[in-house]
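For reference, start.txt (compact mmCIF, C-alpha atoms):
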```txt
# COMPACT_ATOMS: atom_id res chain seq x y z
CA MET C 1 -208.68 -24.26 175.50
CA ILE C 2 -205.28 -22.92 174.45
CA PHE C 3 -204.14 -23.19 178.06
CA ARG C 4 -205.30 -26.80 178.40
CA ARG C 5 -203.96 -27.97 175.04
CA ALA C 6 -200.54 -26.44 175.67
CA LEU C 7 -200.37 -27.92 179.16
CA LEU C 8 -201.50 -31.39 178.12
CA ARG C 9 -199.13 -31.46 175.15
CA GLU C 10 -196.14 -30.52 177.30
CA MET C 11 -197.03 -32.98 180.07
CA ALA C 12 -197.42 -35.79 177.51
CA GLY C 13 -194.01 -35.03 176.02
CA ASN C 14 -192.35 -34.94 179.43
CA ALA C 15 -194.11 -38.17 180.43
CA LEU C 16 -192.81 -39.97 177.34
CA LEU C 17 -189.28 -38.79 178.07
CA VAL C 18 -189.42 -39.66 181.78
CA PHE C 19 -190.94 -43.09 181.15
CA SER C 20 -188.27 -43.90 178.55
CA VAL C 21 -185.49 -42.99 180.99
CA LEU C 22 -187.03 -44.93 183.89
CA LEU C 23 -187.68 -47.95 181.67
CA MET C 24 -184.10 -47.98 180.38
CA ILE C 25 -182.72 -47.74 183.93
CA THR C 26 -184.95 -50.60 185.09
CA LEU C 27 -184.13 -52.72 182.03
CA THR C 28 -180.40 -52.21 182.50
CA THR C 29 -180.53 -53.04 186.21
CA MET C 30 -182.61 -56.18 185.73
CA LEU C 31 -180.54 -57.31 182.72
CA ILE C 32 -177.31 -57.05 184.70
CA ARG C 33 -178.88 -59.05 187.52
CA TYR C 34 -180.16 -61.86 185.26
CA LEU C 35 -176.95 -62.00 183.24
CA GLY C 36 -175.04 -62.45 186.49
CA GLN C 37 -177.37 -65.28 187.48
CA ALA C 38 -177.01 -66.85 184.03
CA ALA C 39 -173.21 -66.66 184.26
CA GLY C 40 -173.38 -68.44 187.61
CA GLY C 41 -175.69 -71.14 186.24
CA ALA C 42 -178.71 -70.16 188.36
CA VAL C 43 -180.70 -69.09 185.28
CA ALA C 44 -180.58 -70.63 181.81
CA ASN C 45 -179.26 -68.36 179.07
CA GLU C 46 -182.39 -68.75 176.96
CA ALA C 47 -184.58 -67.81 179.95
CA VAL C 48 -183.03 -64.38 180.54
CA ALA C 49 -185.30 -62.58 178.05
CA ALA C 50 -188.47 -64.20 179.47
CA PHE C 51 -187.61 -63.38 183.08
CA LEU C 52 -186.68 -59.84 182.04
CA GLY C 53 -190.06 -59.36 180.36
CA PHE C 54 -191.99 -60.67 183.37
CA SER C 55 -190.03 -58.41 185.73
CA ILE C 56 -190.65 -55.30 183.61
CA ILE C 57 -194.40 -56.02 183.54
CA ASN C 58 -194.35 -56.32 187.32
CA TYR C 59 -192.60 -52.95 187.71
CA LEU C 60 -194.82 -51.08 185.22
CA PRO C 61 -197.35 -49.77 187.82
CA VAL C 62 -194.60 -48.15 189.89
CA LEU C 63 -192.89 -46.75 186.80
CA LEU C 64 -196.12 -45.22 185.49
CA SER C 65 -196.96 -43.71 188.88
CA LEU C 66 -193.54 -42.09 189.12
CA THR C 67 -193.77 -40.96 185.48
CA VAL C 68 -197.04 -39.08 186.04
CA PHE C 69 -195.69 -37.37 189.17
CA ILE C 70 -192.41 -36.27 187.58
CA ALA C 71 -194.07 -35.19 184.30
CA VAL C 72 -196.56 -32.88 186.04
CA LEU C 73 -193.85 -31.56 188.35
CA MET C 74 -191.43 -30.83 185.50
CA THR C 75 -194.08 -29.08 183.39
CA LEU C 76 -195.37 -26.77 186.10
CA THR C 77 -191.89 -26.08 187.47
CA ARG C 78 -190.80 -24.90 184.03
CA CYS C 79 -193.83 -22.60 183.87
CA TYR C 80 -192.78 -21.01 187.17
CA ARG C 81 -189.12 -20.82 186.14
CA ASP C 82 -189.88 -19.14 182.80
CA SER C 83 -192.44 -16.76 184.42
CA GLU C 84 -195.30 -18.23 182.38
CA MET C 85 -197.28 -18.62 185.59
CA VAL C 86 -197.31 -14.84 185.97
CA VAL C 87 -198.93 -14.56 182.55
CA TRP C 88 -201.61 -17.12 183.43
CA PHE C 89 -202.24 -15.53 186.83
CA THR C 90 -202.68 -12.08 185.29
CA ALA C 91 -205.09 -13.63 182.78
CA GLY C 92 -207.38 -14.54 185.67
CA LEU C 93 -206.35 -18.14 186.31
CA SER C 94 -205.59 -19.38 189.81
CA VAL C 95 -203.68 -22.44 190.95
CA MET C 96 -206.97 -24.38 191.01
CA ALA C 97 -207.21 -23.95 187.22
CA TRP C 98 -204.38 -26.50 186.91
CA VAL C 99 -206.39 -29.24 188.64
CA ARG C 100 -208.66 -30.09 185.71
CA PRO C 101 -205.94 -30.50 183.03
CA VAL C 102 -203.76 -32.46 185.45
CA VAL C 103 -206.67 -34.80 186.27
CA THR C 104 -207.39 -35.16 182.54
CA PHE C 105 -203.75 -36.09 181.94
CA ALA C 106 -203.42 -38.43 184.93
CA ALA C 107 -206.77 -40.27 184.61
CA PRO C 108 -205.75 -42.65 181.75
CA ALA C 109 -202.49 -43.47 183.53
CA VAL C 110 -204.32 -44.13 186.82
CA PHE C 111 -206.73 -46.56 185.11
CA ALA C 112 -203.77 -48.27 183.41
CA ILE C 113 -201.96 -48.56 186.76
CA ALA C 114 -205.07 -50.05 188.37
CA PHE C 115 -205.42 -52.64 185.58
CA LEU C 116 -201.72 -53.53 185.70
CA SER C 117 -201.65 -53.74 189.49
CA LEU C 118 -204.85 -55.76 189.92
CA VAL C 119 -204.65 -58.04 186.87
CA VAL C 120 -201.45 -57.99 184.82
CA SER C 121 -198.73 -57.92 187.51
CA PRO C 122 -200.04 -61.00 189.41
CA TRP C 123 -200.34 -62.82 186.08
CA ALA C 124 -196.74 -61.94 185.18
CA LEU C 125 -195.43 -63.16 188.54
CA ARG C 126 -197.45 -66.36 188.25
CA LYS C 127 -196.14 -67.04 184.74
CA SER C 128 -192.60 -66.28 185.91
CA ASP C 129 -192.87 -68.91 188.65
CA GLU C 130 -194.28 -71.46 186.18
CA PHE C 131 -191.52 -70.74 183.69
CA ARG C 132 -188.87 -71.06 186.40
CA GLN C 133 -190.30 -74.42 187.43
CA GLN C 134 -190.29 -75.51 183.79
CA MET C 135 -186.63 -74.54 183.45
CA ASP C 136 -185.76 -76.39 186.67
CA SER C 137 -187.54 -79.53 185.43
CA ARG C 138 -185.29 -79.94 182.40
CA ASP C 139 -182.87 -82.83 182.31
CA ASP C 140 -179.14 -82.35 182.82
CA VAL C 141 -178.14 -82.40 179.17
CA SER C 142 -180.86 -79.96 178.09
CA SER C 143 -179.66 -77.44 180.65
CA VAL C 144 -176.03 -77.55 179.54
CA ALA C 145 -174.80 -74.35 177.86
CA PRO C 146 -171.73 -74.18 175.61
CA GLY C 147 -168.59 -73.02 177.38
CA VAL C 148 -170.11 -73.27 180.89
CA PHE C 149 -169.51 -75.93 183.56
CA LYS C 150 -172.89 -77.29 184.66
CA GLU C 151 -173.59 -79.45 187.70
CA SER C 152 -176.27 -82.13 187.49
CA LYS C 153 -179.50 -81.92 189.50
CA PHE C 154 -178.28 -84.47 192.05
CA ALA C 155 -174.74 -83.00 192.24
CA GLU C 156 -173.19 -86.25 191.05
CA ARG C 157 -171.87 -85.06 187.67
CA VAL C 158 -170.32 -81.95 186.15
CA TYR C 159 -170.70 -81.34 182.40
CA PHE C 160 -168.84 -79.13 179.98
CA VAL C 161 -169.26 -78.92 176.20
CA GLU C 162 -167.44 -76.58 173.89
CA SER C 163 -170.12 -76.07 171.24
CA PHE C 164 -173.40 -77.26 169.73
CA ALA C 165 -173.60 -77.92 166.00
CA GLY C 166 -175.61 -79.74 163.35
CA GLU C 167 -179.30 -80.36 162.83
CA LYS C 168 -179.40 -83.04 165.55
CA ASN C 169 -177.90 -80.62 168.07
CA THR C 170 -174.72 -82.64 168.39
CA VAL C 171 -172.07 -81.51 170.84
CA SER C 172 -168.31 -81.44 170.47
CA ASN C 173 -165.35 -81.59 172.87
CA ILE C 174 -167.21 -83.01 175.86
CA PHE C 175 -165.91 -83.19 179.42
CA MET C 176 -167.75 -84.98 182.23
CA ARG C 177 -166.70 -85.59 185.83
CA SER C 178 -168.62 -88.03 188.02
CA VAL C 179 -168.27 -89.81 191.37
CA GLN C 180 -169.75 -93.32 191.69
CA HIS C 181 -169.07 -95.81 194.47
CA GLN C 182 -166.39 -93.47 195.88
CA LYS C 183 -164.53 -93.61 192.59
CA LEU C 184 -163.73 -90.58 190.52
CA GLY C 185 -164.49 -90.84 186.82
CA ILE C 186 -163.43 -88.35 184.16
CA LEU C 187 -164.71 -88.77 180.65
CA VAL C 188 -163.71 -86.83 177.54
CA ALA C 189 -165.02 -87.28 174.00
CA GLN C 190 -164.79 -85.54 170.68
CA HIS C 191 -168.47 -85.70 169.70
CA GLY C 192 -171.84 -86.72 171.10
CA TYR C 193 -175.59 -86.63 170.52
CA GLN C 194 -178.87 -87.53 172.18
CA THR C 195 -181.04 -90.52 171.27
CA VAL C 196 -184.27 -92.08 172.52
CA SER C 197 -184.69 -95.84 172.95
CA GLU C 198 -187.83 -97.84 172.17
CA ASN C 199 -189.03 -97.76 175.79
CA GLY C 200 -188.73 -93.97 175.90
CA ASP C 201 -185.47 -93.69 177.84
CA ARG C 202 -183.10 -90.95 176.70
CA PHE C 203 -179.36 -91.48 176.31
CA LEU C 204 -176.36 -89.30 175.64
CA VAL C 205 -174.15 -91.12 173.14
CA LEU C 206 -170.46 -90.14 173.18
CA LEU C 207 -168.11 -90.95 170.31
CA ASN C 208 -164.32 -91.38 170.17
CA GLY C 209 -163.28 -90.65 173.72
CA ARG C 210 -161.56 -91.87 176.85
CA ARG C 211 -162.60 -92.58 180.42
CA TYR C 212 -160.31 -92.28 183.46
CA GLU C 213 -161.45 -94.02 186.64
CA GLY C 214 -159.80 -94.29 190.03
CA VAL C 215 -159.75 -93.24 193.68
CA GLY C 216 -158.73 -89.72 194.56
CA GLY C 217 -155.17 -89.58 195.94
CA SER C 218 -154.25 -92.99 194.52
CA PRO C 219 -151.88 -93.38 191.53
CA ASP C 220 -153.84 -96.42 190.25
CA TYR C 221 -156.18 -95.29 187.48
CA LYS C 222 -157.97 -97.19 184.74
CA ILE C 223 -157.80 -95.67 181.27
CA MET C 224 -160.34 -96.90 178.75
CA ALA C 225 -160.68 -95.77 175.14
CA PHE C 226 -164.04 -96.16 173.41
CA GLU C 227 -165.67 -95.50 170.08
CA ARG C 228 -169.21 -95.35 171.49
CA TYR C 229 -170.31 -94.74 175.08
CA SER C 230 -173.99 -94.33 176.15
CA ILE C 231 -175.08 -92.53 179.33
CA ARG C 232 -178.70 -92.69 180.48
CA ILE C 233 -180.27 -89.28 181.09
CA HIS C 234 -182.32 -89.35 184.29
CA ALA C 235 -185.71 -87.67 184.19
CA TYR C 236 -186.12 -84.93 186.76
CA GLU C 237 -189.20 -83.15 188.00
CA ALA C 238 -188.72 -79.99 190.02
CA SER C 239 -190.71 -79.50 193.20
CA LEU C 240 -193.77 -77.31 192.94
CA ILE C 241 -193.19 -73.68 193.84
CA PRO C 242 -195.86 -72.62 196.35
CA PRO C 243 -197.71 -69.52 195.17
CA THR C 244 -197.06 -66.30 197.05
CA GLN C 245 -199.49 -63.50 197.77
CA LYS C 246 -197.95 -61.41 195.01
CA SER C 247 -198.72 -64.05 192.37
CA LEU C 248 -202.30 -64.72 193.47
CA SER C 249 -205.08 -63.15 191.43
CA THR C 250 -207.14 -60.36 192.96
CA LEU C 251 -210.24 -62.58 193.06
CA MET C 252 -208.33 -65.20 195.06
CA LEU C 253 -207.21 -62.53 197.51
CA LEU C 254 -210.83 -61.44 197.98
CA SER C 255 -212.05 -65.02 198.42
CA ASP C 256 -209.47 -65.77 201.14
CA ARG C 257 -209.25 -62.68 203.33
CA SER C 258 -206.28 -63.67 205.44
CA PRO C 259 -204.08 -60.90 206.86
CA ALA C 260 -201.31 -61.58 204.32
CA ASN C 261 -203.79 -61.50 201.43
CA MET C 262 -205.38 -58.29 202.71
CA GLY C 263 -201.95 -56.69 202.96
CA GLU C 264 -201.22 -57.56 199.32
CA LEU C 265 -204.66 -56.30 198.23
CA LEU C 266 -204.02 -53.07 200.12
CA TRP C 267 -200.78 -52.57 198.16
CA ARG C 268 -202.47 -53.21 194.80
CA LEU C 269 -205.28 -50.75 195.53
CA GLY C 270 -202.82 -48.22 196.90
CA LEU C 271 -200.81 -47.91 193.68
CA PRO C 272 -203.50 -46.21 191.54
CA ALA C 273 -204.72 -44.15 194.50
CA SER C 274 -201.20 -42.91 195.23
CA ALA C 275 -200.62 -42.11 191.55
CA PHE C 276 -203.71 -39.86 191.48
CA ILE C 277 -202.80 -38.09 194.74
CA LEU C 278 -199.18 -37.61 193.65
CA ALA C 279 -200.33 -36.01 190.39
CA LEU C 280 -202.33 -33.46 192.38
CA LEU C 281 -199.50 -32.98 194.88
CA ALA C 282 -197.22 -31.97 192.01
CA ILE C 283 -199.32 -28.80 191.45
CA PRO C 284 -198.46 -27.00 194.72
CA LEU C 285 -195.02 -28.63 194.93
CA SER C 286 -194.03 -27.17 191.56
CA PHE C 287 -193.89 -23.60 192.91
CA VAL C 288 -190.51 -22.02 192.22
CA ASN C 289 -189.36 -18.49 192.96
CA PRO C 290 -187.33 -17.49 189.87
CA ARG C 291 -185.16 -15.22 192.04
CA ALA C 292 -184.39 -17.94 194.59
CA GLY C 293 -183.09 -21.49 194.38
CA ARG C 294 -184.66 -23.76 191.76
CA SER C 295 -184.01 -27.16 193.30
CA LEU C 296 -185.65 -26.85 196.72
CA ASN C 297 -189.08 -27.86 195.44
CA LEU C 298 -187.62 -30.89 193.63
CA ILE C 299 -185.91 -32.06 196.82
CA LEU C 300 -189.14 -31.60 198.77
CA ALA C 301 -191.12 -33.48 196.11
CA LEU C 302 -188.64 -36.38 196.11
CA LEU C 303 -188.71 -36.54 199.92
CA LEU C 304 -192.52 -36.54 199.95
CA TYR C 305 -192.64 -39.33 197.35
CA MET C 306 -190.24 -41.49 199.36
CA ILE C 307 -192.23 -40.93 202.56
CA TYR C 308 -195.48 -41.79 200.79
CA SER C 309 -194.05 -44.97 199.25
CA ASN C 310 -192.45 -46.13 202.51
CA PHE C 311 -195.65 -45.51 204.46
CA LEU C 312 -197.55 -47.66 201.97
CA SER C 313 -195.04 -50.49 202.47
CA ILE C 314 -195.21 -50.12 206.26
CA THR C 315 -199.01 -50.16 206.22
CA GLN C 316 -198.99 -53.28 204.05
CA ALA C 317 -196.65 -55.02 206.50
CA TRP C 318 -198.78 -54.02 209.50
CA VAL C 319 -201.95 -55.33 207.86
CA ALA C 320 -200.19 -58.59 206.88
CA GLN C 321 -199.00 -58.99 210.50
CA SER C 322 -202.51 -58.26 211.89
CA LYS C 323 -201.24 -55.13 213.64
CA LEU C 324 -203.65 -52.89 211.73
CA SER C 325 -207.16 -53.35 210.39
CA PRO C 326 -207.35 -53.52 206.57
CA TYR C 327 -210.13 -50.94 206.52
CA ILE C 328 -208.07 -48.48 208.53
CA GLY C 329 -204.93 -49.21 206.53
CA LEU C 330 -206.79 -48.63 203.25
CA TRP C 331 -207.48 -44.96 204.10
CA LEU C 332 -204.84 -44.08 206.69
CA VAL C 333 -201.88 -43.16 204.48
CA HIS C 334 -204.00 -41.77 201.63
CA GLY C 335 -206.03 -39.70 204.08
CA LEU C 336 -202.86 -38.19 205.55
CA MET C 337 -201.54 -37.35 202.08
CA LEU C 338 -204.88 -35.77 201.15
CA LEU C 339 -204.56 -33.60 204.25
CA VAL C 340 -201.06 -32.59 203.16
CA LEU C 341 -202.45 -31.85 199.71
CA LEU C 342 -205.12 -29.52 201.11
CA LEU C 343 -202.55 -27.71 203.28
CA LEU C 344 -200.24 -27.18 200.31
CA PHE C 345 -203.08 -25.84 198.16
CA TYR C 346 -204.12 -23.54 200.99
CA ARG C 347 -200.54 -22.30 201.24
CA ARG C 348 -200.50 -21.46 197.50
CA LEU C 349 -203.96 -19.87 197.44
CA VAL C 350 -203.67 -17.71 200.56
CA LEU C 351 -201.09 -14.94 200.61
CA ALA C 352 -200.62 -15.01 204.38
CA PRO C 353 -200.84 -18.01 206.72
CA PHE C 354 -204.05 -18.44 208.65
CA TRP C 355 -202.43 -17.71 212.01
CA ILE C 356 -201.24 -14.30 210.80
CA ILE C 357 -204.75 -13.45 209.57
CA TRP C 358 -206.15 -14.62 212.91
CA LEU C 359 -203.64 -12.48 214.82
CA LYS C 360 -204.46 -9.40 212.74
CA ARG C 361 -208.13 -9.86 213.53
CA LEU C 362 -207.46 -10.52 217.19
CA ILE C 363 -205.14 -7.57 217.92
CA PRO C 364 -207.66 -4.79 217.10
CA ARG C 365 -210.24 -6.49 219.32
CA LEU C 366 -207.77 -6.65 222.20
CA GLY C 367 -206.88 -2.95 221.70
CA GLY C 368 -210.57 -1.94 221.77
CA GLU C 369 -211.18 -3.86 225.00
CA ARG C 370 -208.25 -2.09 226.72
CA THR C 371 -209.44 1.40 225.79
```
In structure tokens, what does this structure look like?
Amino acid sequence: MIFRRALLREMAGNALLVFSVLLMITLTTMLIRYLGQAAGGAVANEAVAAFLGFSIINYLPVLLSLTVFIAVLMTLTRCYRDSEMVVWFTAGLSVMAWVRPVVTFAAPAVFAIAFLSLVVSPWALRKSDEFRQQMDSRDDVSSVAPGVFKESKFAERVYFVESFAGEKNTVSNIFMRSVQHQKLGILVAQHGYQTVSENGDRFLVLLNGRRYEGVGGSPDYKIMAFERYSIRIHAYEASLIPPTQKSLSTLMLLSDRSPANMGELLWRLGLPASAFILALLAIPLSFVNPRAGRSLNLILALLLYMIYSNFLSITQAWVAQSKLSPYIGLWLVHGLMLLVLLLLFYRRLVLAPFWIIWLKRLIPRLGGERT
């Protein structure tokens, strides 16, 4: 009990640390990406936080799987490095004694990964697509951000406002460029606000401004000063975004068993299975000789994780392209990794490789036959 409590407590602490680091790296990367899109006008400023939240939810299964693998690997590697393994081995514990506490530690995370992968991640992607469509369906004025040039939906106008102020969300220092009937129009105003007419049409009312109208390259321009200028805001409805396999619910994937849907289902089922196998793989991979190099096992573990992850992606693509049966693809990669797991455990449990033992048994027999 002391052994299990100490091991579980250390693995939980390492998991919390690893997950925090991975989450911060993912948050920073996604935030930089969305801020760049917002600066370019592809994403509204107020939508950055929502898209960031949906993306993090989508990446949670992978982050948790990697967290469990690294936490178990770090804990057992430290035990080897500090010679604690020698103490446990002399107390009568073998490498197999680490399987039960590791499974106890990894089981809640595996169930969480399965729930996130099968239920929550598709929901997050579906809500992200709906929110993106909602943002794209806004009218031109609603999508204008202070200090940013914004092109209209039909690419016929360019807006710029310096600031929003007041309870009615009035705007100040407005600039608008438009092209109508091959004539260039530039409009500037000090203030403006939105209003709705009796028939439901929306207008942008500009106050105290000027309008310049003419043909590009010609010196003849009309200059008009106005106290009040109304511009009708055209309603716009974005086209429907077709759902992808990643955003479909698991029940919909099972109801329509097309190759693309089966490939996506294979990926969702593979995440919790790979997390469980990786947690067990960390036990033999954590072996470190204190007198030798301490980073070789970490490099091998990282290489094995990358191979496992890439093989899962390749298998998903082959199933989606009808190059591989879904039933074979479901067990192919995991079966190979289970075979690697058994070989690594055999290597840690047996002092000498099996071929050396076989040769030692074979040589005396050969010597007896010759005599």
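Closest approach to Val102 of chain C among C:Leu278, C:Met337, C:Val18, C:Val196: C:Leu278, based on only C-alpha atoms.
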**Fill in**
If you count all atoms listed in the file, the residue of C:Tyr193, C:Glu46, C:Ile186, C:Glu162 closest to Lys222 of chain C turns out to be C:Ile186
**Item:** Point-to-point distance in Å for atom CA of Val72 of chain C and atom CA of Arg100 of chain C
**Value:**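 Distance between the two atoms: 12.4 Å.
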**Request:** Return the single residue from C:Thr90, C:Asn261, C:Ser286, C:Ser117 that is closest to Ala317 of chain C, with distances computed using all atoms listed in the file.
**Result:**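 Using all atoms listed in the file, Ala317 of chain C sits closest to C:Asn261.
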**Residues within 6 Å of segment 47-64 of chain C, all atoms listed in the file, excluding chain neighbours under 5 positions, as a VMD selection string** = chain C and resid 113 121 124
Box dimensions and centre (Å, one decimal) enclosing segment 13-27 of chain C, axis-aligned, 3 Å extra per side, as lines of an AutoDock Vina configuration file:
```
center_x = -188.4
center_y = -43.8
center_z = 180.6
size_x = 17.4
size_y = 23.8
size_z = 15.1
```
**Request:** To one decimal in Å, tell me the separation between atom CA of Pro259 of chain C and atom CA of Leu336 of chain C.
**Result:** 22.8 Å
**Request:** Using all atoms listed in the file, give me every residue within 12 Å of (-200.0, -35.4, 193.4) in file coordinates, as a ChimeraX atom specification.
**Result:** /C:65-73,98-99,102-103,106,110,272-286,301-302,304-305,308,334,337-342,344-345
**Item:** Test item: residues at most 7 Å from Glu264 of chain C, all atoms listed in the file, excluding those fewer than 3 positions along its chain, as a PyMOL selection string
**Value:** chain C and resi 245-246+260-261+267-268+316
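Once segment 12-14 of chain C and its same-chain neighbours fewer than 6 positions away are set aside, Ala71, Met74, Thr75 and Phe105 of chain C remain within 8 Å of it when counting only C-alpha atoms.
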Would you save the residues from that selection as a PDB file, in the frame of the given file, using C-alpha atoms?
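Generated output (again08.pdb):
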```pdb
ATOM      1  CA  ALA C  71    -194.070 -35.190 184.300  1.00  0.00           C
ATOM      2  CA  MET C  74    -191.430 -30.830 185.500  1.00  0.00           C
ATOM      3  CA  THR C  75    -194.080 -29.080 183.390  1.00  0.00           C
ATOM      4  CA  PHE C 105    -203.750 -36.090 181.940  1.00  0.00           C
TER       5      PHE C 105
END
```
